[in-house]
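Written below as C-alpha cells is the structure these notes are about.
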Amino acid sequence: MKNNLAEFPKVSIIIPCFNEEKTIGGLLKAIQKQDYPLSSIEIVIADALSTDETKKKITEFIKSNPSVIVKVVDNAKRTIPSGVNCAAKAAKGEILIRLDAHSEPNQGYVKTSVDLLRKNVAENVGGIWEIQPGENTCIANAIAKAAAHPLGVGDAKYRISAKAQYVDSVPFGAFYKNTFEKIGRFDETLLANEDYEFNARLISGGGRVWLDPRIRSKYYARKDLKELAKQYWRYGYWKVRMLQRYPTTIRWRQAVPPLFVASILFLGVFSFFNPFTRIILGVELGTYLLTVILIGLQTAIKHNNLCFVLMPFAIITMHFSWGGGFIHSLFTSARRE
C-alpha cells in the first residue's frame with residue numbers, strides 16, 4: 001500500500017483467546033489481508049492458558065509472517081473481560097479494535113473502523129456478524145441459521161440489520177484507547193454481556209455507538225446444542241447482573257424468553273390442579289412449537305437445505321436456556337440480598 005503511513009493511526013487488535021486452535025489461524029490470516037498498512041497494525045492476543053495447540057498455531061504464523069506484529073500475553077484470570085483488559089494494557093496503538101478468536105473480519109474492517117472514528121461518527125463503532133456454522137454438520141448449520149433469524153435473536157441489529165445507525169451495542173467494537181481508559185475498561189465481574197455493559201457506560205457518559213454494515217466479520221456459532229445451551233444460559237444469567245446496574249437498558253427481545261419460560265413453568269405447575277390451565281398451557285406450547293417448526297420448514301425450502309428443518313431445536317434451546325439462566329439468576333440474586 002503506497003500511502004503516507006503518517007495518515008494511518010497505530011491500531012492494536014485485541015483478542016481474548018482460549019483453546020481456539022481451529023480458528024485462530026483463519027483470524028490471523030484475515031487480519032494480514034486487511035486494507036490497511038500492516039506496519040500500522042499490531043495484534044495482541046490474551047491467551048487464557050490454552051491447553052490445545054492454539055499457542056503453537058500462533059507461533060507458526062509468526063515465524064511464517066515476520067511482517068505481521070503479533071504479541072501474546074497471558075490472561076491468568078481466564079475470562080473474556082479480563083482477556084480484553086490484559087490485551088488492552090499491553091497494546092501500544094492509539095486505536096483498539098476488539099475481535100474474538102473465532103471470528104474473521106472482512107478486508108475493510110480496520111480501515112472502515114478507523115475512518116469512522118477519525119470522522120467522529122461515534123466513540124465506538126462496529127458492524128455485522130455473518131454467522132457461520134461451527135462445524136460441517138446439519139445441526140451446526142441449523143444453529144448458525146437460527147442465530148441469525150429474528151425469531152432466535154429478536155431485533156439484535158448486528159445480526160439482522162443492513163442499515164447504518166446508532167445502536168445500544170455492537171459486537172467487538174473499535175474505539176480510541178483513551179476512550180477505553182476513560183470509560184473504565186471492561187467489568188471483570190461480568191462473565192458475559194461485558195460488551196453491552198461497556199457500551200451502557202459509554203452511552204450514559206454521553207458517548208455514541210455506531211453500527212455500520214461495511215464492517216463485517218464471520219462469526220462461528222456453537223457446533224452443537226450442548227454448547228449452545230451453555231452459551232445462552234450464561235448470557236441469560238449474566239444479563240440479570242448487568243440489568244441490576246442499568247435497568248433502563250432492557251429490550252423486549254431480552255424480556256420475552258424469561259417471561260415465556262416463566263409462563264410455561266407457572267402453567268405447568270397449576271395444570272395439575274386446574275383443567276383450564278392445562279388448556280392454556282397446551283395452546284401456548286402448541287402455538288410456539290408450530291411456529292418454530294414452520295420457520296424451520298420455510299427456511300429449508302427457501303434455501304433448499306434440509307438441515308434447516310432442525311432449526312426448531314436450536315431456537316428452542318436458545319429461548320429456554322436464555323430464559324432459564326435469567327430466571328435462575330433472579331432467584332440467586334434475591335437470595336443473596
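Chain labels follow the order of the C-alpha cells: the first chain is A, the next B, and so on; residue numbering restarts at 1 in every chain, and ligands are counted from 1 in their shown order.
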
Open item on the list: Set the distance at 10 Å and use only C-alpha atoms: which residues neighbour A:Phe180 once local chain neighbours fewer than 2 positions away are removed? I'd like the list as a PyMOL selection string.
Closed with: chain A and resi 85+88+95-96+123-124+174-178+182-186+198+202

Open item on the list: Need to verify the contact set: A:Ile43, 7 Å, only C-alpha atoms, exclusion of same-chain residues closer than 6 positions in sequence. Can you return it as a list in words?
Closed with: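 That gives Ser12, Ile13, Ile14, Ile69, Val70 and Lys71 of chain A.
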
Task: Spatial neighbours of stretch 295-299 of chain A, max dist 10 Å, only C-alpha atoms, sep filter under 5 positions, as a ChimeraX atom specification - done: /A:142,145-146,149,151,289-290,304-315

TODO: Could you check which of A:Ile80, A:Leu49, A:Ile62, A:Ala200 is closest to A:Pro16, using only C-alpha atoms?
DONE: A:Ile80

Open item on the list: Give me the residues near A:His102 as number ranges by chain, where near means some atom within 9 Å (using only C-alpha atoms) and where sequence neighbours in that chain fewer than 6 positions away do not count.
Closed with: A: 17, 20, 22-24, 26-27, 218-221

Open item on the list: Quick check, in Å to one decimal: how far apart do atom CA of A:Gly325 and atom CA of A:Arg253 lie?
Closed with: 14.9 Å

- [ ] Determine, counting only C-alpha atoms, which protein, DNA and RNA residues have an atom within 8 Å of an atom of A:Ala46; residues of the same chain fewer than 2 positions away are not included. Present the result as a PyMOL selection string.
- [x] chain A and resi 14-17+44+48+72-75+83-84+86-87

Just the residues within 10 Å of A:Thr137, please, counting only C-alpha atoms, with nothing from its chain fewer than 3 positions along; format it as a PDB file with N, CA, C and O atoms, in the first residue's frame.
ATOM      1  N   PRO A 133     -21.520 -21.724  10.495  1.00  0.00           N
ATOM      2  CA  PRO A 133     -21.605 -22.940  11.317  1.00  0.00           C
ATOM      3  C   PRO A 133     -20.261 -23.304  11.934  1.00  0.00           C
ATOM      4  O   PRO A 133     -19.217 -23.148  11.303  1.00  0.00           O
ATOM      5  N   GLY A 134     -20.311 -23.791  13.185  1.00  0.00           N
ATOM      6  CA  GLY A 134     -19.086 -24.168  13.879  1.00  0.00           C
ATOM      7  C   GLY A 134     -18.466 -25.448  13.360  1.00  0.00           C
ATOM      8  O   GLY A 134     -17.278 -25.705  13.569  1.00  0.00           O
ATOM      9  N   ALA A 140     -25.076 -28.048  13.225  1.00  0.00           N
ATOM     10  CA  ALA A 140     -24.269 -26.827  13.289  1.00  0.00           C
ATOM     11  C   ALA A 140     -24.783 -25.801  12.284  1.00  0.00           C
ATOM     12  O   ALA A 140     -24.828 -24.596  12.572  1.00  0.00           O
ATOM     13  N   ASN A 141     -25.184 -26.242  11.094  1.00  0.00           N
ATOM     14  CA  ASN A 141     -25.756 -25.338  10.099  1.00  0.00           C
ATOM     15  C   ASN A 141     -27.086 -24.773  10.581  1.00  0.00           C
ATOM     16  O   ASN A 141     -27.372 -23.585  10.374  1.00  0.00           O
ATOM     17  N   ALA A 142     -27.892 -25.604  11.224  1.00  0.00           N
ATOM     18  CA  ALA A 142     -29.174 -25.142  11.748  1.00  0.00           C
ATOM     19  C   ALA A 142     -28.978 -24.119  12.864  1.00  0.00           C
ATOM     20  O   ALA A 142     -29.706 -23.122  12.948  1.00  0.00           O
ATOM     21  N   ILE A 143     -27.991 -24.337  13.724  1.00  0.00           N
ATOM     22  CA  ILE A 143     -27.697 -23.398  14.810  1.00  0.00           C
ATOM     23  C   ILE A 143     -27.263 -22.052  14.245  1.00  0.00           C
ATOM     24  O   ILE A 143     -27.714 -20.991  14.704  1.00  0.00           O
ATOM     25  N   LYS A 223     -21.175 -25.420  17.851  1.00  0.00           N
ATOM     26  CA  LYS A 223     -21.299 -26.535  16.913  1.00  0.00           C
ATOM     27  C   LYS A 223     -22.390 -27.534  17.274  1.00  0.00           C
ATOM     28  O   LYS A 223     -22.806 -28.337  16.440  1.00  0.00           O
ATOM     29  N   ASP A 224     -22.869 -27.530  18.518  1.00  0.00           N
ATOM     30  CA  ASP A 224     -23.919 -28.481  18.892  1.00  0.00           C
ATOM     31  C   ASP A 224     -24.838 -27.850  19.941  1.00  0.00           C
ATOM     32  O   ASP A 224     -24.566 -26.768  20.469  1.00  0.00           O
ATOM     33  N   CYS A 307     -31.066 -29.389   6.181  1.00  0.00           N
ATOM     34  CA  CYS A 307     -30.511 -29.223   7.529  1.00  0.00           C
ATOM     35  C   CYS A 307     -31.304 -28.202   8.335  1.00  0.00           C
ATOM     36  O   CYS A 307     -31.397 -28.296   9.564  1.00  0.00           O
TER      37      CYS A 307
END

TODO: Please identify all polymer residues within 12 Å of A:Val209, counting only C-alpha atoms, omitting same-chain residues fewer than 6 positions from it, and present them as a ChimeraX atom specification.
DONE: /A:113,116-117,120-127,158,164-175,195-196,198-203

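As for atom CA of A:Leu259 and atom CA of A:Pro275, they are spaced 22.1 Å apart.
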
Open item on the list: as a PyMOL selection string, please: every residue in stretch 49-221 of chain A that DSSP puts in alpha helix (DSSP H).
Closed with: chain A and resi 54-64+80-90+109-118+138-146+150-153+157-160+177-183+194-204

Any chance you can output those residues with C-alpha atoms as a compact mmCIF listing (two decimals), in the first residue's frame?
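The file below, again.txt, is the result:
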# COMPACT_ATOMS: atom_id res chain seq x y z
CA THR A 54 -3.54 -22.55 19.99
CA LYS A 55 -0.14 -21.15 21.00
CA LYS A 56 1.61 -23.48 18.57
CA LYS A 57 -0.59 -22.19 15.74
CA ILE A 58 0.21 -18.60 16.71
CA THR A 59 3.94 -19.33 16.85
CA GLU A 60 3.83 -20.96 13.43
CA PHE A 61 2.05 -17.94 11.98
CA ILE A 62 4.59 -15.52 13.49
CA LYS A 63 7.50 -17.48 12.02
CA SER A 64 5.88 -17.63 8.59
CA ILE A 80 -13.20 -12.79 28.39
CA PRO A 81 -13.36 -9.34 30.04
CA SER A 82 -10.02 -9.89 31.80
CA GLY A 83 -8.58 -11.02 28.48
CA VAL A 84 -9.72 -7.83 26.78
CA ASN A 85 -8.24 -5.76 29.60
CA CYS A 86 -4.92 -7.64 29.56
CA ALA A 87 -4.59 -7.20 25.81
CA ALA A 88 -5.55 -3.51 26.01
CA LYS A 89 -2.97 -2.91 28.73
CA ALA A 90 -0.23 -4.37 26.53
CA TYR A 109 -12.78 -3.95 8.69
CA VAL A 110 -9.87 -2.00 10.14
CA LYS A 111 -9.84 0.84 7.61
CA THR A 112 -13.59 1.48 7.83
CA SER A 113 -13.50 1.40 11.64
CA VAL A 114 -10.59 3.84 11.77
CA ASP A 115 -12.20 6.20 9.23
CA LEU A 116 -15.43 6.35 11.22
CA LEU A 117 -13.59 7.08 14.46
CA ARG A 118 -11.46 9.79 12.87
CA CYS A 138 -26.60 -30.41 9.88
CA ILE A 139 -27.16 -29.32 13.47
CA ALA A 140 -24.27 -26.83 13.29
CA ASN A 141 -25.76 -25.34 10.10
CA ALA A 142 -29.17 -25.14 11.75
CA ILE A 143 -27.70 -23.40 14.81
CA ALA A 144 -25.92 -20.83 12.63
CA LYS A 145 -29.11 -20.07 10.72
CA ALA A 146 -31.17 -19.83 13.92
CA PRO A 150 -35.28 -12.73 14.10
CA LEU A 151 -37.22 -15.46 15.93
CA GLY A 152 -33.97 -16.59 17.52
CA VAL A 153 -32.35 -13.24 18.30
CA LYS A 157 -29.23 -5.18 14.79
CA TYR A 158 -25.73 -6.59 14.42
CA ARG A 159 -27.23 -9.95 13.41
CA ILE A 160 -30.09 -8.91 11.13
CA LYS A 177 -7.60 3.70 23.72
CA ASN A 178 -8.05 6.87 25.76
CA THR A 179 -11.84 6.41 25.48
CA PHE A 180 -11.45 2.85 26.73
CA GLU A 181 -9.42 4.03 29.73
CA LYS A 182 -11.79 6.92 30.42
CA ILE A 183 -14.88 4.69 30.41
CA GLU A 194 -19.39 -7.38 29.02
CA ASP A 195 -19.65 -5.58 25.66
CA TYR A 196 -23.19 -4.46 26.38
CA GLU A 197 -22.25 -3.22 29.85
CA PHE A 198 -19.26 -1.30 28.49
CA ASN A 199 -21.46 0.37 25.89
CA ALA A 200 -24.09 1.20 28.52
CA ARG A 201 -21.43 3.08 30.48
CA LEU A 202 -20.21 4.79 27.35
CA ILE A 203 -23.71 5.95 26.37
CA SER A 204 -24.57 7.06 29.91

Task: Residues flagged strand (DSSP E) by DSSP in stretch 92-157 of chain A, as a list in words - done: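 Strand (DSSP E) members of stretch 92-157 of chain A, listed: Ile95, Leu96, Ile97, Arg98, Ser103, Glu104, Pro105, Asn124, Val125, Gly126, Gly127, Ile128, Trp129, Glu130, Ile131 and Gln132 of chain A.
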
Dump of all heavy atoms for the selected residues, as a compact mmCIF listing (two decimals), in the first residue's frame:
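Contents of again.txt, freshly written:
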# COMPACT_ATOMS: atom_id res chain seq x y z
N ILE A 95 -5.64 3.35 18.61
CA ILE A 95 -6.99 2.82 18.44
C ILE A 95 -6.99 1.33 18.78
O ILE A 95 -6.09 0.59 18.38
CB ILE A 95 -7.50 3.04 17.00
CG1 ILE A 95 -7.76 4.54 16.77
CG2 ILE A 95 -8.76 2.24 16.72
CD1 ILE A 95 -8.09 4.88 15.33
N LEU A 96 -8.00 0.91 19.52
CA LEU A 96 -8.18 -0.51 19.86
C LEU A 96 -9.35 -1.07 19.06
O LEU A 96 -10.41 -0.45 18.98
CB LEU A 96 -8.47 -0.68 21.35
CG LEU A 96 -7.46 -0.10 22.34
CD1 LEU A 96 -7.94 -0.35 23.78
CD2 LEU A 96 -6.08 -0.69 22.13
N ILE A 97 -9.13 -2.23 18.48
CA ILE A 97 -10.21 -2.95 17.80
C ILE A 97 -10.29 -4.33 18.43
O ILE A 97 -9.35 -5.10 18.38
CB ILE A 97 -9.97 -3.06 16.29
CG1 ILE A 97 -9.95 -1.67 15.64
CG2 ILE A 97 -11.05 -3.94 15.65
CD1 ILE A 97 -9.72 -1.69 14.15
N ARG A 98 -11.43 -4.61 19.03
CA ARG A 98 -11.60 -5.89 19.70
C ARG A 98 -12.16 -6.93 18.73
O ARG A 98 -13.14 -6.67 18.02
CB ARG A 98 -12.55 -5.75 20.88
CG ARG A 98 -12.59 -7.04 21.70
CD ARG A 98 -13.93 -7.33 22.28
NE ARG A 98 -14.08 -8.77 22.49
CZ ARG A 98 -15.01 -9.32 23.22
NH1 ARG A 98 -15.90 -8.57 23.81
NH2 ARG A 98 -15.09 -10.61 23.35
N SER A 103 -13.53 -15.47 15.08
CA SER A 103 -14.12 -14.56 14.10
C SER A 103 -13.11 -14.29 12.99
O SER A 103 -11.92 -14.56 13.14
CB SER A 103 -14.51 -13.24 14.77
OG SER A 103 -13.36 -12.54 15.21
N GLU A 104 -13.61 -13.77 11.86
CA GLU A 104 -12.74 -13.37 10.75
C GLU A 104 -13.27 -12.08 10.16
O GLU A 104 -14.36 -12.05 9.59
CB GLU A 104 -12.70 -14.45 9.67
CG GLU A 104 -12.01 -15.74 10.08
CD GLU A 104 -11.98 -16.77 8.96
OE1 GLU A 104 -12.20 -16.38 7.78
OE2 GLU A 104 -11.75 -17.95 9.26
N PRO A 105 -12.53 -10.96 10.30
CA PRO A 105 -13.00 -9.68 9.77
C PRO A 105 -12.89 -9.61 8.24
O PRO A 105 -12.00 -10.23 7.66
CB PRO A 105 -12.05 -8.68 10.43
CG PRO A 105 -10.78 -9.46 10.63
CD PRO A 105 -11.22 -10.86 10.96
N ASN A 124 -17.64 4.54 19.69
CA ASN A 124 -17.44 3.10 19.49
C ASN A 124 -18.14 2.72 18.20
O ASN A 124 -19.31 3.07 17.98
CB ASN A 124 -18.02 2.31 20.66
CG ASN A 124 -17.69 0.82 20.59
OD1 ASN A 124 -16.91 0.39 19.74
ND2 ASN A 124 -18.27 0.04 21.47
N VAL A 125 -17.45 2.03 17.32
CA VAL A 125 -18.05 1.62 16.05
C VAL A 125 -17.88 0.12 15.88
O VAL A 125 -16.90 -0.48 16.33
CB VAL A 125 -17.44 2.38 14.85
CG1 VAL A 125 -17.64 3.88 14.99
CG2 VAL A 125 -15.96 2.05 14.68
N GLY A 126 -18.85 -0.49 15.23
CA GLY A 126 -18.79 -1.92 14.98
C GLY A 126 -19.66 -2.27 13.80
O GLY A 126 -20.22 -1.39 13.13
N GLY A 127 -19.80 -3.57 13.55
CA GLY A 127 -20.52 -3.96 12.36
C GLY A 127 -21.34 -5.22 12.51
O GLY A 127 -21.80 -5.56 13.59
N ILE A 128 -21.49 -5.90 11.41
CA ILE A 128 -22.42 -7.02 11.28
C ILE A 128 -21.70 -8.35 11.46
O ILE A 128 -20.59 -8.55 10.99
CB ILE A 128 -23.08 -7.00 9.88
CG1 ILE A 128 -23.78 -5.65 9.64
CG2 ILE A 128 -24.06 -8.16 9.73
CD1 ILE A 128 -24.91 -5.35 10.57
N TRP A 129 -22.35 -9.24 12.16
CA TRP A 129 -21.90 -10.63 12.24
C TRP A 129 -22.48 -11.42 11.07
O TRP A 129 -23.70 -11.41 10.86
CB TRP A 129 -22.39 -11.27 13.53
CG TRP A 129 -21.44 -11.15 14.68
CD1 TRP A 129 -20.22 -10.55 14.70
CD2 TRP A 129 -21.66 -11.66 16.00
NE1 TRP A 129 -19.66 -10.64 15.94
CE2 TRP A 129 -20.53 -11.32 16.76
CE3 TRP A 129 -22.69 -12.37 16.59
CZ2 TRP A 129 -20.39 -11.66 18.10
CZ3 TRP A 129 -22.58 -12.70 17.93
CH2 TRP A 129 -21.44 -12.36 18.67
N GLU A 130 -21.63 -12.10 10.35
CA GLU A 130 -22.08 -13.09 9.37
C GLU A 130 -21.91 -14.45 10.04
O GLU A 130 -20.80 -14.99 10.10
CB GLU A 130 -21.25 -12.99 8.09
CG GLU A 130 -21.39 -11.65 7.38
CD GLU A 130 -20.46 -11.52 6.18
OE1 GLU A 130 -19.57 -12.38 6.02
OE2 GLU A 130 -20.62 -10.56 5.41
N ILE A 131 -23.01 -14.98 10.55
CA ILE A 131 -22.94 -16.19 11.36
C ILE A 131 -22.60 -17.40 10.49
O ILE A 131 -23.28 -17.66 9.49
CB ILE A 131 -24.27 -16.44 12.09
CG1 ILE A 131 -24.72 -15.18 12.84
CG2 ILE A 131 -24.13 -17.62 13.04
CD1 ILE A 131 -23.85 -14.79 13.99
N GLN A 132 -21.58 -18.13 10.88
CA GLN A 132 -21.13 -19.32 10.17
C GLN A 132 -21.27 -20.54 11.08
O GLN A 132 -21.16 -20.44 12.30
CB GLN A 132 -19.65 -19.18 9.77
CG GLN A 132 -19.35 -17.94 8.94
CD GLN A 132 -19.99 -17.97 7.58
OE1 GLN A 132 -19.93 -18.99 6.89
NE2 GLN A 132 -20.61 -16.87 7.18

Task: Point-to-point distance from atom CA of A:Asp212 to atom CA of A:Ala162, Å rounded to tenths - done: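 Atom-to-atom, atom CA of A:Asp212 and atom CA of A:Ala162 are spaced 8.2 Å apart.
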